[in-house]
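See below for start-v2.txt, which holds compact mmCIF, C-alpha atoms.
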# COMPACT_ATOMS: atom_id res chain seq x y z
CA MET A 24 12.78 -20.69 -7.43
CA HIS A 25 10.87 -19.80 -10.55
CA ARG A 26 13.06 -18.46 -13.30
CA HIS A 27 11.70 -16.90 -16.48
CA ALA A 28 13.46 -15.46 -19.48
CA TYR A 29 13.15 -11.73 -19.87
CA GLY A 30 14.38 -9.32 -22.48
CA LEU A 31 14.59 -5.64 -23.28
CA LEU A 32 11.73 -3.43 -24.26
CA THR A 33 11.33 -2.61 -27.92
CA ALA A 34 12.06 0.95 -29.00
CA ALA A 35 8.34 1.75 -29.12
CA ALA A 36 7.76 0.26 -25.69
CA LEU A 37 10.74 2.17 -24.31
CA VAL A 38 9.21 5.42 -25.51
CA ALA A 39 5.92 4.47 -23.86
CA ALA A 40 7.70 3.51 -20.65
CA THR A 41 9.50 6.87 -20.58
CA THR A 42 6.18 8.64 -21.04
CA ILE A 43 4.64 7.02 -17.95
CA GLY A 44 7.80 7.38 -15.88
CA LEU A 45 9.14 3.83 -15.81
CA THR A 46 12.49 4.87 -17.21
CA SER A 47 14.38 8.10 -17.64
CA PRO A 48 14.51 9.82 -21.03
CA ALA A 49 17.68 9.68 -23.07
CA SER A 50 20.39 12.17 -22.21
CA ALA A 51 23.05 13.73 -24.37
CA ALA A 52 25.69 11.90 -22.34
CA GLY A 53 24.89 8.47 -23.73
CA PRO A 54 22.30 5.99 -24.96
CA PRO A 55 18.93 5.76 -23.19
CA PRO A 56 18.81 3.46 -20.18
CA LYS A 57 17.49 0.00 -20.79
CA ALA A 58 14.22 -0.97 -19.15
CA VAL A 59 13.63 -4.62 -18.35
CA GLU A 60 10.50 -6.48 -19.41
CA PRO A 61 9.18 -7.92 -16.15
CA PRO A 62 9.10 -11.73 -16.01
CA LEU A 63 5.91 -13.68 -15.47
CA ALA A 64 6.84 -14.31 -11.84
CA VAL A 65 9.39 -13.19 -9.28
CA ASP A 66 9.97 -15.48 -6.30
CA GLY A 67 10.58 -13.55 -3.08
CA GLY A 68 11.81 -16.65 -1.24
CA ALA A 69 10.80 -18.19 2.09
CA TRP A 70 11.88 -16.70 5.41
CA GLN A 71 11.49 -17.01 9.16
CA SER A 72 9.39 -13.90 9.41
CA GLY A 73 5.88 -12.54 9.38
CA HIS A 74 3.70 -13.10 6.34
CA LEU A 75 4.03 -11.16 3.10
CA GLN A 76 2.53 -7.67 3.37
CA GLY A 77 3.41 -5.88 0.12
CA MET A 78 5.75 -5.54 -2.85
CA ALA A 79 7.44 -2.80 -4.85
CA LEU A 80 9.01 -3.02 -8.30
CA ASP A 81 11.97 -0.98 -9.52
CA ARG A 82 11.56 -1.77 -13.18
CA HIS A 83 14.35 0.51 -14.34
CA LYS A 84 17.02 -1.00 -12.07
CA GLY A 85 15.61 -4.52 -12.20
CA PHE A 86 14.77 -5.20 -8.55
CA MET A 87 11.74 -6.32 -6.55
CA TYR A 88 11.18 -5.57 -2.87
CA PHE A 89 9.09 -7.77 -0.58
CA SER A 90 7.81 -6.80 2.86
CA PHE A 91 7.49 -9.75 5.25
CA THR A 92 6.10 -7.81 8.25
CA ASN A 93 9.42 -7.61 10.13
CA LEU A 94 11.77 -8.21 7.21
CA LEU A 95 12.44 -6.42 3.90
CA VAL A 96 13.88 -8.55 1.10
CA LYS A 97 15.42 -7.24 -2.14
CA THR A 98 15.70 -9.61 -5.12
CA ASP A 99 16.64 -9.28 -8.74
CA LEU A 100 13.98 -10.11 -11.31
CA ARG A 101 15.10 -13.73 -11.44
CA GLY A 102 14.17 -14.05 -7.77
CA ARG A 103 17.77 -14.16 -6.53
CA PRO A 104 18.17 -12.43 -3.14
CA VAL A 105 20.37 -9.33 -3.31
CA GLY A 106 20.01 -8.15 0.27
CA SER A 107 17.65 -7.81 3.20
CA VAL A 108 16.89 -5.48 6.09
CA THR A 109 16.09 -7.07 9.45
CA GLY A 110 15.28 -5.90 12.95
CA PHE A 111 11.87 -4.31 12.46
CA THR A 112 9.95 -4.86 15.68
CA GLY A 113 6.94 -2.96 14.36
CA HIS A 114 4.65 -3.88 11.48
CA LEU A 115 6.12 -3.18 8.04
CA GLY A 116 3.23 -3.20 5.59
CA ASP A 117 2.58 -2.23 1.98
CA LEU A 118 5.41 -0.85 -0.19
CA ASP A 119 5.75 1.41 -3.21
CA LEU A 120 8.58 2.93 -5.21
CA ASN A 121 8.86 6.70 -5.45
CA THR A 122 10.13 7.16 -8.99
CA ALA A 123 11.09 10.78 -8.18
CA ASP A 124 13.81 9.84 -5.69
CA GLY A 125 14.26 6.12 -6.43
CA ARG A 126 13.55 5.06 -2.86
CA VAL A 127 11.07 2.52 -1.49
CA TYR A 128 8.37 3.77 0.89
CA GLY A 129 6.47 1.54 3.30
CA SER A 130 3.94 1.80 6.10
CA LEU A 131 5.41 1.10 9.54
CA GLU A 132 3.39 0.77 12.76
CA TYR A 133 4.31 0.80 16.44
CA LYS A 134 0.89 0.63 18.05
CA ALA A 135 2.10 0.20 21.62
CA ALA A 136 4.15 3.39 21.24
CA GLU A 137 1.28 5.14 19.43
CA ALA A 138 3.69 5.89 16.58
CA PHE A 139 2.94 5.49 12.89
CA TYR A 140 5.56 6.12 10.24
CA ILE A 141 6.37 6.04 6.61
CA ALA A 142 9.60 4.07 6.35
CA ILE A 143 11.83 5.32 3.52
CA VAL A 144 14.36 2.78 2.33
CA ASP A 145 17.40 3.55 0.20
CA GLY A 146 17.31 0.43 -1.93
CA ASP A 147 20.60 1.26 -3.66
CA ARG A 148 22.39 0.69 -0.36
CA ILE A 149 20.88 -2.74 0.24
CA ASP A 150 23.75 -4.90 -0.99
CA ARG A 151 23.95 -7.76 1.52
CA MET A 152 21.73 -9.92 3.67
CA ASN A 153 20.64 -9.11 7.22
CA MET A 154 21.37 -5.39 7.28
CA ASP A 155 20.10 -3.88 10.53
CA ALA A 156 17.13 -1.51 10.17
CA GLU A 157 18.47 0.83 12.86
CA LYS A 158 22.24 0.63 12.47
CA SER A 159 22.77 0.29 8.71
CA GLY A 160 21.50 3.76 7.82
CA VAL A 161 19.35 2.49 4.95
CA VAL A 162 16.05 3.33 6.69
CA THR A 163 14.67 6.72 7.67
CA THR A 164 11.20 7.45 8.97
CA VAL A 165 8.59 10.21 8.90
CA HIS A 166 5.91 10.38 11.59
CA LEU A 167 2.21 10.75 10.70
CA ARG A 168 0.48 12.79 13.41
CA GLU A 169 -2.95 12.63 11.77
CA VAL A 170 -3.01 8.84 12.09
CA VAL A 171 -2.03 8.96 15.76
CA GLU A 172 -4.84 11.40 16.54
CA ASP A 173 -7.47 9.18 14.92
CA TYR A 174 -6.02 5.96 16.34
CA THR A 175 -5.93 7.27 19.93
CA ALA A 176 -9.28 9.10 19.83
CA ASP A 177 -11.37 8.51 22.97
CA MET A 178 -14.66 8.18 21.16
CA ASN A 179 -16.83 7.16 24.12
CA GLY A 180 -15.55 10.01 26.29
CA ASP A 181 -14.68 7.90 29.32
CA GLY A 182 -11.19 9.37 29.59
CA VAL A 183 -9.54 6.02 28.85
CA PHE A 184 -7.96 4.98 25.55
CA ASP A 185 -8.61 1.27 25.17
CA GLY A 186 -5.51 0.49 23.09
CA ASN A 187 -4.97 -2.02 20.32
CA THR A 188 -8.37 -3.68 20.13
CA GLY A 189 -11.30 -3.50 17.78
CA ALA A 190 -13.76 -4.39 20.56
CA THR A 191 -14.23 -0.79 21.63
CA ALA A 192 -15.93 2.44 20.64
CA ASP A 193 -12.53 4.15 20.59
CA HIS A 194 -10.45 4.84 17.45
CA ARG A 195 -12.01 7.48 15.16
CA TYR A 196 -13.45 5.81 12.03
CA GLY A 197 -12.29 2.51 13.57
CA CYS A 198 -8.67 3.46 12.75
CA SER A 199 -6.21 0.67 13.56
CA GLY A 200 -3.21 2.43 12.02
CA ILE A 201 -1.98 2.33 8.41
CA ASP A 202 -1.29 -0.32 5.80
CA GLY A 203 -1.80 0.37 2.08
CA ILE A 204 0.34 3.07 0.44
CA ALA A 205 0.88 4.15 -3.18
CA PHE A 206 2.22 7.00 -5.27
CA GLY A 207 -0.04 8.65 -7.80
CA PRO A 208 -1.55 12.01 -8.75
CA ALA A 209 -4.11 13.94 -6.75
CA PHE A 210 -7.46 12.17 -6.66
CA GLY A 211 -9.54 13.05 -9.70
CA ARG A 212 -6.49 13.81 -11.84
CA LYS A 213 -4.31 11.71 -14.13
CA ASN A 214 -1.37 14.09 -14.22
CA GLY A 215 0.45 16.45 -11.92
CA PRO A 216 2.88 16.01 -9.03
CA GLN A 217 3.00 12.56 -7.52
CA ARG A 218 1.55 12.33 -4.04
CA LEU A 219 1.94 9.62 -1.45
CA THR A 220 -1.44 8.17 -0.52
CA VAL A 221 -1.71 6.34 2.80
CA ALA A 222 -4.72 4.19 3.69
CA TYR A 223 -5.89 3.50 7.21
CA GLY A 224 -6.17 0.10 8.66
CA VAL A 225 -9.70 -0.28 10.08
CA TYR A 226 -10.64 -2.68 12.84
CA ALA A 227 -13.32 -5.24 12.13
CA ASN A 228 -16.29 -4.39 14.32
CA THR A 229 -19.82 -5.16 13.18
CA THR A 230 -21.55 -3.39 16.09
CA ARG A 231 -20.58 0.23 15.44
CA PRO A 232 -21.89 2.42 12.58
CA ASP A 233 -18.91 4.76 12.17
CA ASN A 234 -16.34 2.41 10.59
CA ASP A 235 -17.82 1.88 7.12
CA HIS A 236 -15.40 4.14 5.21
CA GLN A 237 -11.90 3.57 3.99
CA VAL A 238 -9.86 6.61 5.01
CA LEU A 239 -7.02 7.82 2.78
CA LEU A 240 -4.50 10.61 3.35
CA GLN A 241 -2.50 12.29 0.58
CA TYR A 242 0.88 13.91 1.16
CA ASP A 243 3.26 15.92 -1.01
CA VAL A 244 6.60 14.34 -0.04
CA ARG A 245 8.90 16.57 -2.08
CA LEU A 246 10.05 18.42 1.06
CA TRP A 247 9.93 15.47 3.42
CA ARG A 248 13.69 15.16 3.85
CA ARG A 249 13.46 17.84 6.55
CA TYR A 250 11.28 15.43 8.57
CA GLU A 251 13.27 12.23 8.04
CA ARG A 252 14.92 10.72 11.08
CA PRO A 253 16.74 7.42 11.61
CA LEU A 254 14.66 4.54 12.88
CA THR A 255 15.14 4.33 16.65
CA GLU A 256 12.65 1.84 18.01
CA SER A 257 13.54 2.42 21.67
CA ALA A 258 12.80 6.16 21.38
CA PRO A 259 10.16 6.75 18.68
CA HIS A 260 10.43 10.26 17.23
CA ARG A 261 7.54 12.55 16.24
CA SER A 262 9.07 14.38 13.30
CA GLY A 263 6.59 14.70 10.46
CA PRO A 264 3.96 16.88 8.82
CA ALA A 265 1.33 18.41 11.09
CA ARG A 266 -1.45 17.56 8.64
CA PRO A 267 -1.89 15.70 5.35
CA GLY A 268 -2.44 17.60 2.14
CA GLY A 269 -5.87 15.97 1.90
CA LYS A 270 -8.08 13.53 3.77
CA PHE A 271 -10.57 11.41 1.82
CA PHE A 272 -13.28 8.85 2.48
CA LEU A 273 -14.55 5.89 0.46
CA TYR A 274 -17.81 4.24 1.48
CA THR A 275 -17.34 0.46 1.25
CA GLY A 276 -18.65 -1.04 4.46
CA ASN A 277 -16.42 -2.25 7.26
CA THR A 278 -13.45 -4.42 6.31
CA ARG A 279 -11.02 -6.48 8.37
CA TYR A 280 -8.03 -4.20 8.90
CA GLY A 281 -8.86 -1.84 6.06
CA VAL A 282 -6.84 -1.41 2.88
CA GLN A 283 -4.04 -3.98 2.91
CA ASN A 284 -2.63 -3.02 -0.49
CA LEU A 285 -3.21 0.21 -2.38
CA GLU A 286 -2.09 0.80 -5.96
CA TYR A 287 -2.45 3.51 -8.58
CA ASP A 288 -2.81 2.15 -12.11
CA GLY A 289 -1.30 4.53 -14.67
CA HIS A 290 -3.02 2.67 -17.51
CA SER A 291 -6.60 3.29 -16.37
CA GLY A 292 -6.00 6.17 -14.00
CA ASN A 293 -7.86 4.27 -11.28
CA TRP A 294 -6.88 3.38 -7.72
CA LEU A 295 -7.15 -0.24 -6.55
CA LEU A 296 -7.77 -1.08 -2.89
CA ALA A 297 -7.33 -4.70 -1.81
CA ALA A 298 -8.80 -5.61 1.59
CA TYR A 299 -9.56 -8.60 3.75
CA LYS A 300 -13.30 -8.90 3.30
CA GLY A 301 -15.49 -7.77 6.14
CA SER A 302 -18.50 -9.44 7.72
CA LYS A 303 -20.86 -6.61 8.58
CA PRO A 304 -24.50 -7.37 7.71
CA GLY A 305 -26.02 -5.09 5.13
CA PHE A 306 -22.89 -5.01 2.94
CA PRO A 307 -21.64 -7.36 0.22
CA ASN A 308 -18.17 -7.42 1.83
CA TYR A 309 -16.09 -7.26 -1.33
CA SER A 310 -12.31 -7.71 -1.13
CA LEU A 311 -11.34 -5.33 -3.95
CA PHE A 312 -12.60 -1.80 -4.47
CA VAL A 313 -11.63 0.60 -7.25
CA VAL A 314 -11.71 4.38 -7.01
CA ASP A 315 -12.77 6.00 -10.28
CA GLY A 316 -9.75 8.05 -11.29
CA GLU A 317 -11.84 10.39 -13.41
CA GLY A 318 -14.25 11.27 -10.62
CA ARG A 319 -13.39 14.30 -8.54
CA PRO A 320 -13.79 14.08 -4.77
CA ARG A 321 -17.01 15.73 -3.58
CA TRP A 322 -17.96 16.97 -0.16
CA GLY A 323 -20.48 14.70 1.47
CA GLU A 324 -21.57 13.08 4.70
CA VAL A 325 -19.16 10.82 6.55
CA ARG A 326 -21.87 8.38 7.52
CA GLY A 327 -22.44 6.92 10.94
CA GLN A 328 -20.47 9.46 12.99
CA GLN A 329 -21.51 10.49 16.50
CA GLU A 330 -21.76 14.10 15.38
CA PRO A 331 -22.68 15.19 11.83
CA GLU A 332 -19.51 15.30 9.76
CA THR A 333 -18.64 16.08 6.16
CA GLY A 334 -15.56 15.09 4.24
CA ARG A 335 -14.20 14.68 0.74
CA MET A 336 -15.82 11.56 -0.63
CA LEU A 337 -14.19 9.43 -3.33
CA PRO A 338 -16.29 7.76 -6.04
CA LEU A 339 -16.26 4.01 -6.52
CA LEU A 340 -15.82 2.85 -10.10
CA ARG A 341 -19.31 1.83 -11.19
CA GLN A 342 -18.22 -1.54 -12.55
CA GLY A 343 -17.92 -5.06 -11.23
CA LEU A 344 -20.33 -6.48 -8.70
CA HIS A 345 -23.03 -4.07 -7.53
CA HIS A 346 -24.89 -4.20 -4.25
CA GLU A 347 -27.92 -1.95 -4.61
CA PRO A 348 -28.94 -1.70 -0.92
CA SER A 349 -25.57 -0.23 0.09
CA GLY A 350 -24.74 1.35 -3.28
CA THR A 351 -21.30 -0.25 -3.30
CA TYR A 352 -19.34 -1.73 -6.21
CA GLY A 353 -16.38 -4.09 -6.11
CA TRP A 354 -14.92 -7.51 -6.82
CA GLN A 355 -13.87 -10.63 -4.98
CA SER A 356 -10.17 -10.85 -5.64
CA THR A 357 -6.72 -11.50 -4.27
CA GLY A 358 -4.15 -8.73 -3.95
CA GLN A 359 -4.19 -8.32 -0.18
CA TYR A 360 -0.59 -9.58 0.16
CA GLY A 361 0.84 -7.53 -2.70
CA LEU A 362 -0.38 -5.56 -5.69
CA VAL A 363 1.81 -3.81 -8.26
CA SER A 364 0.62 -2.18 -11.48
CA LEU A 365 2.80 -2.41 -14.59
CA ASP A 366 0.76 0.50 -16.04
CA ASP A 367 -0.17 -1.37 -19.21
CA GLY A 368 -3.11 -3.50 -18.06
CA ARG A 369 -0.88 -6.00 -16.27
CA PHE A 370 -0.29 -6.33 -12.55
CA TYR A 371 1.78 -8.36 -10.17
CA LEU A 372 -0.41 -10.02 -7.55
CA ALA A 373 1.22 -11.70 -4.61
CA GLU A 374 0.90 -15.37 -3.77
CA ALA A 375 1.73 -16.05 -0.14
CA ALA A 376 2.07 -19.35 1.68
CA ARG A 377 3.48 -20.92 4.81
CA VAL A 378 6.03 -23.65 4.05
CA GLN A 379 7.81 -26.30 6.08
CA ASP A 380 11.61 -26.28 5.80
CA GLY A 381 12.81 -29.17 7.93
CA ASP A 382 11.76 -28.30 11.46
CA VAL A 383 11.26 -24.64 10.61
CA ILE A 384 8.09 -22.91 9.43
CA LYS A 385 8.76 -20.14 6.91
CA GLU A 386 6.65 -17.53 5.15
CA SER A 387 6.97 -17.40 1.38
CA GLY A 388 5.92 -14.86 -1.22
CA LYS A 389 5.88 -14.62 -4.99
CA ALA A 390 4.83 -11.92 -7.45
CA VAL A 391 2.80 -13.37 -10.32
CA GLN A 392 1.71 -11.47 -13.43
CA GLN A 393 -2.01 -11.13 -14.04
CA ARG A 394 -3.98 -9.07 -16.51
CA TRP A 395 -6.95 -6.86 -15.65
CA THR A 396 -10.12 -8.13 -17.33
CA GLY A 397 -12.76 -6.41 -15.20
CA LEU A 398 -14.83 -9.59 -15.23
CA THR A 399 -16.89 -10.60 -12.23
CA PRO A 400 -16.52 -11.86 -9.66
CA THR A 401 -12.72 -11.89 -10.17
CA PRO A 402 -11.24 -9.19 -12.40
CA PHE A 403 -7.76 -10.67 -13.00
CA SER A 404 -6.52 -13.44 -15.26
CA LYS A 405 -3.06 -14.99 -14.97
CA VAL A 406 -0.67 -14.09 -17.80
CA THR A 407 0.68 -17.16 -19.55
CA PRO A 408 3.72 -17.53 -21.86
Write the structure described by the file as structure tokens, please.
Amino acid sequence: MHRHAYGLLTAAALVAATTIGLTSPASAAGPPPKAVEPPLAVDGGAWQSGHLQGMALDRHKGFMYFSFTNLLVKTDLRGRPVGSVTGFTGHLGDLDLNTADGRVYGSLEYKAAEAFYIAIVDGDRIDRMNMDAEKSGVVTTVHLREVVEDYTADMNGDGVFDGNTGATADHRYGCSGIDGIAFGPAFGRKNGPQRLTVAYGVYANTTRPDNDHQVLLQYDVRLWRRYERPLTESAPHRSGPARPGGKFFLYTGNTRYGVQNLEYDGHSGNWLLAAYKGSKPGFPNYSLFVVDGEGRPRWGEVRGQQEPETGRMLPLLRQGLHHEPSGTYGWQSTGQYGLVSLDDGRFYLAEAARVQDGDVIKESGKAVQQRWTGLTPTPFSKVTP
């Protein structure tokens, strides 16, 4: 494991951290809580699991969470395992910490059951290894009806839903479910109530014209406890909001499974979307897109649809690589396996690998600090001691 020294924030940095919500302000009952300076790397270990899907940092309490598709691992900031949650038979994807309630939220898919959830994990209760996702009580779920409707849409009108395949005209906007999630303000604002933004997965299909947008839903989760239900994989529930608070579109060209990791950066006010690059002709097929946080969504055409459709369009940040024929901007970058903003120009980007441990193949993951430079083609530079 990689171990790095870390210390406490200076008084000035603590004030700044309180301002952006990384720690709580001082109370009359005692001294202000101590925030931990994140180390240069946090090793999430190697496990018999799926590959790394996302990460979440609890900077105030000093923990990192790693999603390994069917396994959630909690470590301290020295990379020492504190606990894990096992037994996910669906696809656990990107993670983020809700600083308002201190819990970790993640995307969770059960495509065969046509059920898509936000998994809400009480990280404080993860105190040992191999806690069961259903029986331990640390996981609750909220169902997303909007995603199901787009995923199951019979787009060719033949009366048959073709299921989990990209080689079809079905699935509105090419929706394959959900993956990237992040907390941040309403699009176009830098302040205000935090909303949960959920990004669609999008099937790779170069033959259809209606899958060239990233689709993002925003939810106000402050009253979501009324929807939360325990995870019961044998009987998927449907308790959740009827509609999102907003549905938004970002024109990027088709990607392979859409936004893998989504992150709001409190330093710039921008949203970062890391994707597996697509292969559709006519597009540059970037792997990182950035939504301009200062640009308000505007009503516009959702291009390529069977019937004319308008929606709230998000603006790409007009920086990085530029492809004039498609009008798209972006970068070629990592971040698809995990992306966490430290809200000061630094990020954790995940490094994932498959390792041999004796006769066993394991999936490993590590969070490594990098600094945003904005340079092309790759906008990050590794932070060194």
- [ ] Excluding stretch 195-208 of chain A and any residue of its chain fewer than 3 positions from it, enumerate the residues within 6 Å of it, using all atoms listed in the file, and give them as a count of residues only.
- [x] 28
Task: Which of A:Trp70, A:Phe312, A:Phe139, A:Phe306 sits closest to A:Gly397 [using only C-alpha atoms] - done: A:Phe312
Task: Neighbours of point (-13.7, -1.3, 20.9) within 10 Å, using only C-alpha atoms, written as a PyMOL selection string - done: chain A and resi 178-179+184-194+197+226-228+230-231
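For the choices A:Gln392, A:Gln237, A:Thr401, A:Thr278, the atom-to-atom distance to A:Phe370 is smallest for A:Gln392 when using only C-alpha atoms.
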Task: Among listed residues A:Ala258, A:Val383, A:Leu296, A:Val165, nearest A:Thr357 (using only C-alpha atoms) - done: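 The answer is A:Leu296, which sits nearest to A:Thr357.
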Once you count all atoms listed in the file, which residues end up no further than 8 Å from (-9.4, -9.2, 7.6) in the file's frame, shown as a PDB file with C-alpha atoms, keeping the file's coordinate frame?
ATOM      1  CA  ALA A 227     -13.320  -5.240  12.130  1.00  0.00           C
ATOM      2  CA  THR A 278     -13.450  -4.420   6.310  1.00  0.00           C
ATOM      3  CA  ARG A 279     -11.020  -6.480   8.370  1.00  0.00           C
ATOM      4  CA  TYR A 280      -8.030  -4.200   8.900  1.00  0.00           C
ATOM      5  CA  GLY A 281      -8.860  -1.840   6.060  1.00  0.00           C
ATOM      6  CA  ALA A 298      -8.800  -5.610   1.590  1.00  0.00           C
ATOM      7  CA  TYR A 299      -9.560  -8.600   3.750  1.00  0.00           C
ATOM      8  CA  LYS A 300     -13.300  -8.900   3.300  1.00  0.00           C
ATOM      9  CA  GLY A 301     -15.490  -7.770   6.140  1.00  0.00           C
TER      10      GLY A 301
END
Task: Point-to-point distance in Å for atom CA of A:Gln71 and atom CA of A:Gly358 - done: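 Rounded to one decimal, the two atoms are 22.0 Å apart.
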TODO: Please provide the set of residues having any atom within 9 Å of A:Asp315, restricted to all atoms listed in the file, with same-chain residues fewer than 3 positions apart removed, written as a list in words.
DONE: Phe210, Gly211, Gly292, Asn293, Trp294, Gly318, Arg319, Leu337, Pro338, Leu339, Leu340 and Arg341 of chain A
Task: Residue with smallest distance to A:Pro348 - pool A:Gly276, A:Leu94, A:Arg326, A:Gly110, counting all atoms listed in the file - done: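 Of A:Gly276, A:Leu94, A:Arg326, A:Gly110, the one nearest A:Pro348, counting all atoms listed in the file, is A:Gly276.
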Task: Residue nearest A:Val127 among A:Lys158, A:Arg168, A:Lys97, A:Arg151 (counting all atoms listed in the file) - done: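 Using all atoms listed in the file, the shortest distance to A:Val127 belongs to A:Lys97.
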Task: Pairwise distance for atom CA of A:Val96 and atom CA of A:Val238, rounded to one decimal in Å - done: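 Spanning atom CA of A:Val96 to atom CA of A:Val238 is a straight-line distance of 28.4 Å.
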TODO: State, in Å with one decimal place, the distance from atom CA of A:Gly68 to atom CA of A:Val391.
DONE: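 Value for the atom CA of A:Gly68-atom CA of A:Val391 distance: 13.2 Å.
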